[in-house]
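This report concerns only the one structure given below.
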Amino acid sequence: MKNLFTFLLSVSLIFGFYNQHLNSQTIELGNISNAQIGQEVLIPVNFEDLSGIAVIKLYITYKTNVLTWEQGGYTNVINELSTILVNSIPDTIPGQNILTLQWFSFSSPVDFPDGKALDFVFTYQESETELAFTSLSKVQDGSLNTIDVTFINGSVSGQTGSDNSVWSGTGNWLEEQYWSNGVPGSETEAIIATGTCSITNGANCKSLQINNGAILQITPNNFLTVNEYVTVDGELSILSDETGTGSFIHKGNIDINGDFNVENHINAATDYLVSSPVMNINAGQFTNAVISKYIESDGTWMELAGSDLLTGGSGYLVDAGSDETFVLNGDIFTGDITCQGIQYTAEGGNEIWPEGLNLVGNPYTCAIDWDLGAWNRQNINGAIYVWDGYNYLVWNGEIGNLTDGIISVLQGFFVVANNTNPTLTIPADARIHSSNPVESPKDIKSEYIILKLQQGDMSDFTYVQFDPNASDDFDNDLDAYKLPGSESAPQVYSIPQNGHNLAINVFPKDKNKIVDIGYVANTASDNFKLEYIKTYTYFDTLYLLDTEDYTKIYLNNDSIYTFNSDAGTYNSRFKLYFTKITTVDEFSPDKFNIYSYGNVVYINSMEVIKEATIDLIGLDGKVSHSKMIKNLISSRLDFKGLKGMYIIRVSSGGNGYSKKVFFK
C-alpha cells in the first residue's frame, strides 16, 4: 500500500508539474509608462515556454490617437521569427487599429527561447492606451491543434510629470532648465510665469496658467493638450505659416483675461474655405481680402461687408489680395457647436452645384474627425467636401482622398442637406491633433476601385465602391457628388443614370457592372493619364473601354492609360466594365488561409486535403502554373519573376476556392 501511495503521489506530482508547465505558456506585451510625446517607443513581445509551435497569429488593438504605427514598425526580431508578416489594419471601432502578426512553420515546429521575441515600434502622441489581444489570437502545434496560451495585454502612457512646475525664461517647452520642477506631464499644473515658451513638438499638462506679461506659442504643425482648466492672463498664440497651423485642445474651462491669438496664413495664389474658431470676429478682420458666403438656394456666392459677423460652425470663402497671415483675437469656441443657417431648398442649387449644399466650418483650434465623436446629423448626407486649392477632396465615412475624414483647423467644408429642417452639430469629442496633408486614401476593408486623372502636375480622383446596403440610385449615406474644381484643373467622375455627376459612386454587389466615366480637360494635351490606383473588390476582371477608338485596357495588367484629348467636357468616352468569375461548388472561405508575401504564396488548410490541384491564373483567365499536392495542409509556392495581380485556385473533388494575390 505504501508503494502504491508513493507511485500515485509521484504521478500526481508529474502531472501537476506538466499542467503547471502548460499553464505557464504565455505571450506578454510590455508596459511603457514614461513615453514622451513625438518620441519612438518600443513595445516588447515576450514568449515563455512556447515549444513545438507551427502557427502564431496575434491580433492586437490600440488607439490611433495615442500611438502611430508605420509599415515595417518592428525590430529586434529573434531568428526563430524571421519569416513573420506584420501589418496594421483599421478596426471597426473609429480611432482604433488592429496590429496583426502572422508566422507559420508547418514543416518543422519551433521551440522558442524564453524572453523577448521582438519589439513593436510606435510613435507616441499623447494620453494612454491598452494594447489588447483579441479573441482571434491563437497559437497552434504541427497538427494545427490550438495550444492553451495565456495572452497578457500591455499598455502605453505618457510622462505624468511633477504635481506642478513653473516656467521662467525664453526657449522650448521641452528644455528642462526653464522649468522649476521638470518638463510638465499629464498630471502637472503648468505655470508660464515669465518670458516666452514655444512648443515646437507636442506637449500636454493637467492645467495651464499664463501669467500677465508671459507668452506661450504653439508653432505650426505642433500641438498642446490641457486636460483641465486654462487661465490666460498673458498671451497664448497659435501660429500659422505656409506649412500649416498649430493645434490646441483644452478639456476643461478656459478663462481668457489676456490675449488669445489664432493665426491663419492665406496664400494669394488660391482661394480658401475658412472657418473662425474665435468668437465675435467680423469679415473686416481679414484685411484686404474678400469674404463671401455660399447661398444654398441658388448655388451662388454673396460678398460680406466688413462689419458682418462670422458665426461659429460656418464656412466662408476668402480671396486674399496678397500672401498674408491674419491674426484672429478673442475668446474661442468651446463645447458642442450647432451650425447656424443650414438650409434645404427643393430643386435649389444649379446645374453644377447640387441642392442642399451648405458651407459649414471647423469651429475649434484643432482638427476634427468626421468619423469620430457624437455628431448630430439630421437630414445630412454622409459625405463631406474640402477645397484643396484646385479640386474638392471628398470623404464618405469610408473612402475618399480627404485623408481619414480629417478636417483641419480653420477649415471650411461643404455638407449636403437632403430634406427640410436639417441640423448639424459638431461635437467637442471629434477634436483631434492633426496637420494632415493631402495623401493617398487609407487601406480599408470596403470593396472599391480608384481612378486618377493626371494632367501635368494636377490630378483628380473618382471612386466606385460596392456595398450590399447600396442601391443603383443615389444613396444619401454613401454616394458623394462631384463638385466643380477650378477651370485650370482636370476633372474625373462617374455618371449616374439620373442627377449630378459623382465623385464616389456606390453600387450593390451585382455580378456585372458597367460604369460611365466622364472627364473635363482644361487644355488640349497628348499626355493625359488615367491611372487605376488600387482595388479591393470581388471582381476578377476589370477593364476600361475607350470608345473613341474602342481600345480595351485590362487595368489589372496595365494600370496607366495615356490618351490625347482636346479641351472640353467628355461624358461618353470611357466605360468601366466589372465582371466576376463564379463557380458552382465552392469550398467554405473558413477552410483556407491564403496570402502572398513578395513572390511567395502561402496556402494553409484548416484540414488535410488528400489531393489538391493548385492553379495560378492570370486575369486573362489563362493558367500560367499548375501543381498537384497530396495531403495538403500547408504549402509554400515561389513564383519568381512574376508581377501584378493573379488568382490562386485550390481544387479538389469538384470543389474549389479562389483568392487574389499580388506580386510586386
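Numbering starts fresh at 1 for the residues of each chain in the C-alpha cells, the chains themselves are lettered A, B, ... in the order given, and ligands are numbered from 1 as they appear.
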
(message) What's around Ile56 of chain A at 10 Å? Count only C-alpha atoms, leave out sequence neighbours fewer than 4 positions away in its own chain, and write the answer as a ChimeraX atom specification.
(response) /A:81,84,101-105,137-141,146

(request) Have a look at A:Thr64, A:Trp353, A:Phe578, A:Pro422 and name the one nearest to Asp404 of chain A; count only C-alpha atoms. (result)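 Closest candidate: A:Thr64.
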
(request) Tell me which protein, DNA and RNA residues are within 7 Å of Phe112 of chain A, counting only C-alpha atoms, leaving out same-chain ones fewer than 3 positions away, and put them as a list in words. (result)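 Once the nearby chain positions are removed, what remains is Leu50, Ser51 and Glu80 of chain A.
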
Once you count only C-alpha atoms, what closest atom pair and distance in Å to one decimal does each residue of segment 344-390 of chain A within 12 Å of segment 279-302 of chain A have, with rows by chain and rising residue number, as a Markdown table?
```
| residue | atom | partner | partner_atom | distance |
| --- | --- | --- | --- | --- |
| A:Tyr344 | CA | A:Glu296 | CA | 7.3 |
| A:Thr345 | CA | A:Ser297 | CA | 5.5 |
| A:Ala346 | CA | A:Ser297 | CA | 8.3 |
| A:Glu347 | CA | A:Ser297 | CA | 8.3 |
| A:Gly348 | CA | A:Ser297 | CA | 4.7 |
| A:Gly349 | CA | A:Gly299 | CA | 4.3 |
| A:Asn350 | CA | A:Gly299 | CA | 5.8 |
| A:Glu351 | CA | A:Gly299 | CA | 8.9 |
| A:Ile352 | CA | A:Gly299 | CA | 8.4 |
| A:Trp353 | CA | A:Gly299 | CA | 5.9 |
| A:Pro354 | CA | A:Gly299 | CA | 7.9 |
| A:Glu355 | CA | A:Glu296 | CA | 7.1 |
| A:Gly356 | CA | A:Glu296 | CA | 6.2 |
| A:Leu357 | CA | A:Glu296 | CA | 5.6 |
| A:Asn358 | CA | A:Glu296 | CA | 5.8 |
| A:Leu359 | CA | A:Tyr294 | CA | 6.3 |
| A:Val360 | CA | A:Tyr294 | CA | 9.5 |
| A:Gly361 | CA | A:Lys293 | CA | 11.5 |
| A:Pro363 | CA | A:Met279 | CA | 9.4 |
| A:Tyr364 | CA | A:Met279 | CA | 10.5 |
| A:Thr365 | CA | A:Met279 | CA | 11.7 |
```

Output file for the residues above (C-alpha atoms, as a PDB file, in the first residue's frame):
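What landed in selection37.pdb:
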```pdb
ATOM      1  CA  TYR A 344     -32.558  72.716 -47.798  1.00  0.00           C
ATOM      2  CA  THR A 345     -34.262  74.082 -50.891  1.00  0.00           C
ATOM      3  CA  ALA A 346     -36.027  71.565 -53.122  1.00  0.00           C
ATOM      4  CA  GLU A 347     -34.669  71.954 -56.660  1.00  0.00           C
ATOM      5  CA  GLY A 348     -32.169  74.503 -55.337  1.00  0.00           C
ATOM      6  CA  GLY A 349     -28.553  74.795 -56.383  1.00  0.00           C
ATOM      7  CA  ASN A 350     -27.877  74.835 -60.138  1.00  0.00           C
ATOM      8  CA  GLU A 351     -26.541  72.633 -62.919  1.00  0.00           C
ATOM      9  CA  ILE A 352     -23.187  72.064 -61.230  1.00  0.00           C
ATOM     10  CA  TRP A 353     -23.986  72.669 -57.540  1.00  0.00           C
ATOM     11  CA  PRO A 354     -26.473  70.139 -56.076  1.00  0.00           C
ATOM     12  CA  GLU A 355     -29.473  71.124 -53.997  1.00  0.00           C
ATOM     13  CA  GLY A 356     -28.972  71.181 -50.243  1.00  0.00           C
ATOM     14  CA  LEU A 357     -25.279  72.167 -50.444  1.00  0.00           C
ATOM     15  CA  ASN A 358     -24.197  74.131 -47.336  1.00  0.00           C
ATOM     16  CA  LEU A 359     -20.817  75.599 -46.418  1.00  0.00           C
ATOM     17  CA  VAL A 360     -20.007  74.942 -42.740  1.00  0.00           C
ATOM     18  CA  GLY A 361     -16.715  75.029 -40.843  1.00  0.00           C
ATOM     19  CA  PRO A 363     -15.121  75.842 -35.054  1.00  0.00           C
ATOM     20  CA  TYR A 364     -12.171  74.669 -32.933  1.00  0.00           C
ATOM     21  CA  THR A 365      -8.473  75.443 -32.504  1.00  0.00           C
TER      22      THR A 365
END
```

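Computed from the coordinates, the atom CA of Leu239 of chain A to atom CA of Gln411 of chain A distance equals 15.2 Å.
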
Considering only C-alpha atoms, return as a PDB file with N, CA and C atoms, in the first residue's frame whatever protein or nucleic-acid residues lie within 8 Å of Leu616 of chain A, sequence-local ones (same chain, fewer than 5 positions apart) excluded.
```pdb
ATOM      1  N   VAL A 623      -4.237  29.686 -67.288  1.00  0.00           N
ATOM      2  CA  VAL A 623      -3.478  29.085 -66.200  1.00  0.00           C
ATOM      3  C   VAL A 623      -1.994  29.165 -66.551  1.00  0.00           C
ATOM      4  N   SER A 624      -1.219  29.888 -65.733  1.00  0.00           N
ATOM      5  CA  SER A 624       0.210  30.042 -66.010  1.00  0.00           C
ATOM      6  C   SER A 624       1.047  28.992 -65.285  1.00  0.00           C
ATOM      7  N   HIS A 625       0.576  28.499 -64.135  1.00  0.00           N
ATOM      8  CA  HIS A 625       1.279  27.463 -63.381  1.00  0.00           C
ATOM      9  C   HIS A 625       0.239  26.542 -62.752  1.00  0.00           C
ATOM     10  N   SER A 626       0.595  25.253 -62.622  1.00  0.00           N
ATOM     11  CA  SER A 626      -0.312  24.289 -62.003  1.00  0.00           C
ATOM     12  C   SER A 626       0.513  23.244 -61.255  1.00  0.00           C
ATOM     13  N   TYR A 646      -2.837  38.125 -59.699  1.00  0.00           N
ATOM     14  CA  TYR A 646      -3.152  36.777 -60.158  1.00  0.00           C
ATOM     15  C   TYR A 646      -4.232  36.183 -59.253  1.00  0.00           C
ATOM     16  N   ILE A 647      -4.746  35.021 -59.671  1.00  0.00           N
ATOM     17  CA  ILE A 647      -5.727  34.287 -58.872  1.00  0.00           C
ATOM     18  C   ILE A 647      -5.135  32.926 -58.537  1.00  0.00           C
ATOM     19  N   ILE A 648      -5.098  32.581 -57.254  1.00  0.00           N
ATOM     20  CA  ILE A 648      -4.719  31.242 -56.810  1.00  0.00           C
ATOM     21  C   ILE A 648      -5.993  30.425 -56.664  1.00  0.00           C
ATOM     22  N   ARG A 649      -6.022  29.269 -57.309  1.00  0.00           N
ATOM     23  CA  ARG A 649      -7.197  28.410 -57.284  1.00  0.00           C
ATOM     24  C   ARG A 649      -6.828  27.062 -56.687  1.00  0.00           C
TER      25      ARG A 649
END
```

(message) Need the shell around segment 35-43 of chain A: protein/DNA/RNA residues with any atom at most 7 Å away, counting only C-alpha atoms. Skip same-chain ones fewer than 3 positions apart. Format as a list in words?
(response)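 Near neighbours after the sequence-gap exclusion: Leu29, Gly30, Ile32, Asp119, Phe120, Val121, Phe122, Thr123, Tyr124, Gln125, Glu126, Ser157, Gly158, Gln159, Asn201, Gly202 and Ala203 of chain A.
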
Would you mind exporting C-alpha atoms of the selected residues as a PDB file, in the first residue's frame?
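What follows is the written file part12.pdb:
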```pdb
ATOM      1  CA  LEU A  29       3.164  42.627 -24.191  1.00  0.00           C
ATOM      2  CA  GLY A  30       5.235  45.180 -22.324  1.00  0.00           C
ATOM      3  CA  ILE A  32       5.504  51.668 -21.082  1.00  0.00           C
ATOM      4  CA  ASP A 119       9.728  44.911 -30.355  1.00  0.00           C
ATOM      5  CA  PHE A 120       6.824  46.736 -31.988  1.00  0.00           C
ATOM      6  CA  VAL A 121       7.843  50.304 -32.894  1.00  0.00           C
ATOM      7  CA  PHE A 122       5.336  53.150 -32.396  1.00  0.00           C
ATOM      8  CA  THR A 123       5.407  56.932 -32.212  1.00  0.00           C
ATOM      9  CA  TYR A 124       3.736  58.205 -29.053  1.00  0.00           C
ATOM     10  CA  GLN A 125       1.188  61.013 -29.499  1.00  0.00           C
ATOM     11  CA  GLU A 126      -0.489  61.608 -26.120  1.00  0.00           C
ATOM     12  CA  SER A 157       1.059  56.017 -21.155  1.00  0.00           C
ATOM     13  CA  GLY A 158       2.968  59.264 -21.152  1.00  0.00           C
ATOM     14  CA  GLN A 159       5.012  61.011 -18.542  1.00  0.00           C
ATOM     15  CA  ASN A 201       6.911  69.364 -30.904  1.00  0.00           C
ATOM     16  CA  GLY A 202       3.982  68.214 -28.810  1.00  0.00           C
ATOM     17  CA  ALA A 203       3.095  68.897 -25.184  1.00  0.00           C
TER      18      ALA A 203
END
```

Need to verify the contact set: segment 325-334 of chain A, 6 Å, only C-alpha atoms, exclusion of same-chain residues closer than 6 positions in sequence. Can you return it as a compact mmCIF listing (two decimals) with N, CA, C and O atoms, in the first residue's frame?
```txt
# COMPACT_ATOMS: atom_id res chain seq x y z
N PHE A 260 -5.72 85.86 -26.60
CA PHE A 260 -5.69 84.55 -27.25
C PHE A 260 -5.71 84.82 -28.76
O PHE A 260 -6.69 85.33 -29.30
N ASN A 261 -4.61 84.50 -29.43
CA ASN A 261 -4.47 84.79 -30.86
C ASN A 261 -4.43 83.49 -31.66
O ASN A 261 -3.71 82.55 -31.31
N VAL A 262 -5.18 83.46 -32.75
CA VAL A 262 -5.15 82.33 -33.69
C VAL A 262 -4.77 82.88 -35.05
O VAL A 262 -5.50 83.69 -35.63
N GLU A 263 -3.63 82.45 -35.58
CA GLU A 263 -3.19 82.92 -36.88
C GLU A 263 -3.75 82.05 -38.00
O GLU A 263 -3.98 80.85 -37.83
N ASN A 264 -3.95 82.65 -39.15
CA ASN A 264 -4.42 81.94 -40.34
C ASN A 264 -3.64 82.46 -41.54
O ASN A 264 -3.85 83.59 -41.98
N HIS A 265 -2.73 81.64 -42.05
CA HIS A 265 -1.91 82.06 -43.19
C HIS A 265 -2.66 81.78 -44.48
O HIS A 265 -3.15 80.67 -44.72
N PRO A 277 -12.35 79.93 -35.33
CA PRO A 277 -12.50 79.33 -34.00
C PRO A 277 -12.63 80.39 -32.90
O PRO A 277 -12.71 80.04 -31.72
N VAL A 278 -12.63 81.65 -33.31
CA VAL A 278 -12.68 82.76 -32.36
C VAL A 278 -14.05 83.43 -32.45
O VAL A 278 -14.57 83.68 -33.54
N MET A 279 -14.63 83.73 -31.29
CA MET A 279 -15.96 84.34 -31.24
C MET A 279 -15.92 85.81 -31.66
O MET A 279 -14.91 86.49 -31.50
```

(request) Pick out the closest residue to Ile517 of chain A from this set: A:Lys659, A:Lys116, A:Lys575, A:Lys640. Count only C-alpha atoms. (result)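 Among A:Lys659, A:Lys116, A:Lys575, A:Lys640, it is A:Lys575 that comes nearest to Ile517 of chain A.
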
(request) Have a look at A:Leu216, A:Val608, A:Val661, A:Cys366 and name the one nearest to Thr196 of chain A; count only C-alpha atoms. (result)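 Closest residue, counting only C-alpha atoms: A:Leu216.
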
(message) Can you tell me, as a PyMOL selection string, which residues in segment 329-549 of chain A count as strand (DSSP E) by DSSP?
(response) chain A and resi 329+337-338+357-361+367-369+376-378+384-387+392-395+406-407+412-416+423-426+431-432+447-455+458-466+480-481+491-495+502-507+513-521+525-535+541-546

(request) Could you please determine the separation between atom CA of Thr225 of chain A and atom CA of Ile249 of chain A in Å, to one decimal place? (result) 4.9 Å

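Taking atom CA of Thr270 of chain A as the reference point, atom CA of Val318 of chain A is found at 9.1 Å.
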
(request) Rank A:Ser494, A:Ser652, A:Thr231, A:Asn401 by their smallest atom-to-atom distance to Leu576 of chain A, using only C-alpha atoms, and report the top residue only. (result)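 Among A:Ser494, A:Ser652, A:Thr231, A:Asn401, it is A:Ser494 that comes nearest to Leu576 of chain A.
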
(request) List the neighbours of Phe639 of chain A out to 8 Å using only C-alpha atoms; skip same-chain residues closer than 3 positions along the sequence, and give me the result as a PyMOL selection string. (result) chain A and resi 599-601+642

(message) With distances taken over only C-alpha atoms, which residue among A:Asp477, A:Asp429, A:Asp114, A:Glu235 lies nearest Val416 of chain A?
(response) A:Asp477

(request) Mind listing the helix (DSSP H, G or I) residues of segment 75-252 of chain A, per DSSP on the backbone, as a ChimeraX atom specification? (result) /A:79-81,176-178

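Minimum distance to Ser247 of chain A across A:Gly335, A:Pro220, A:Gly142, A:Pro496 (counting only C-alpha atoms) occurs at A:Pro220.
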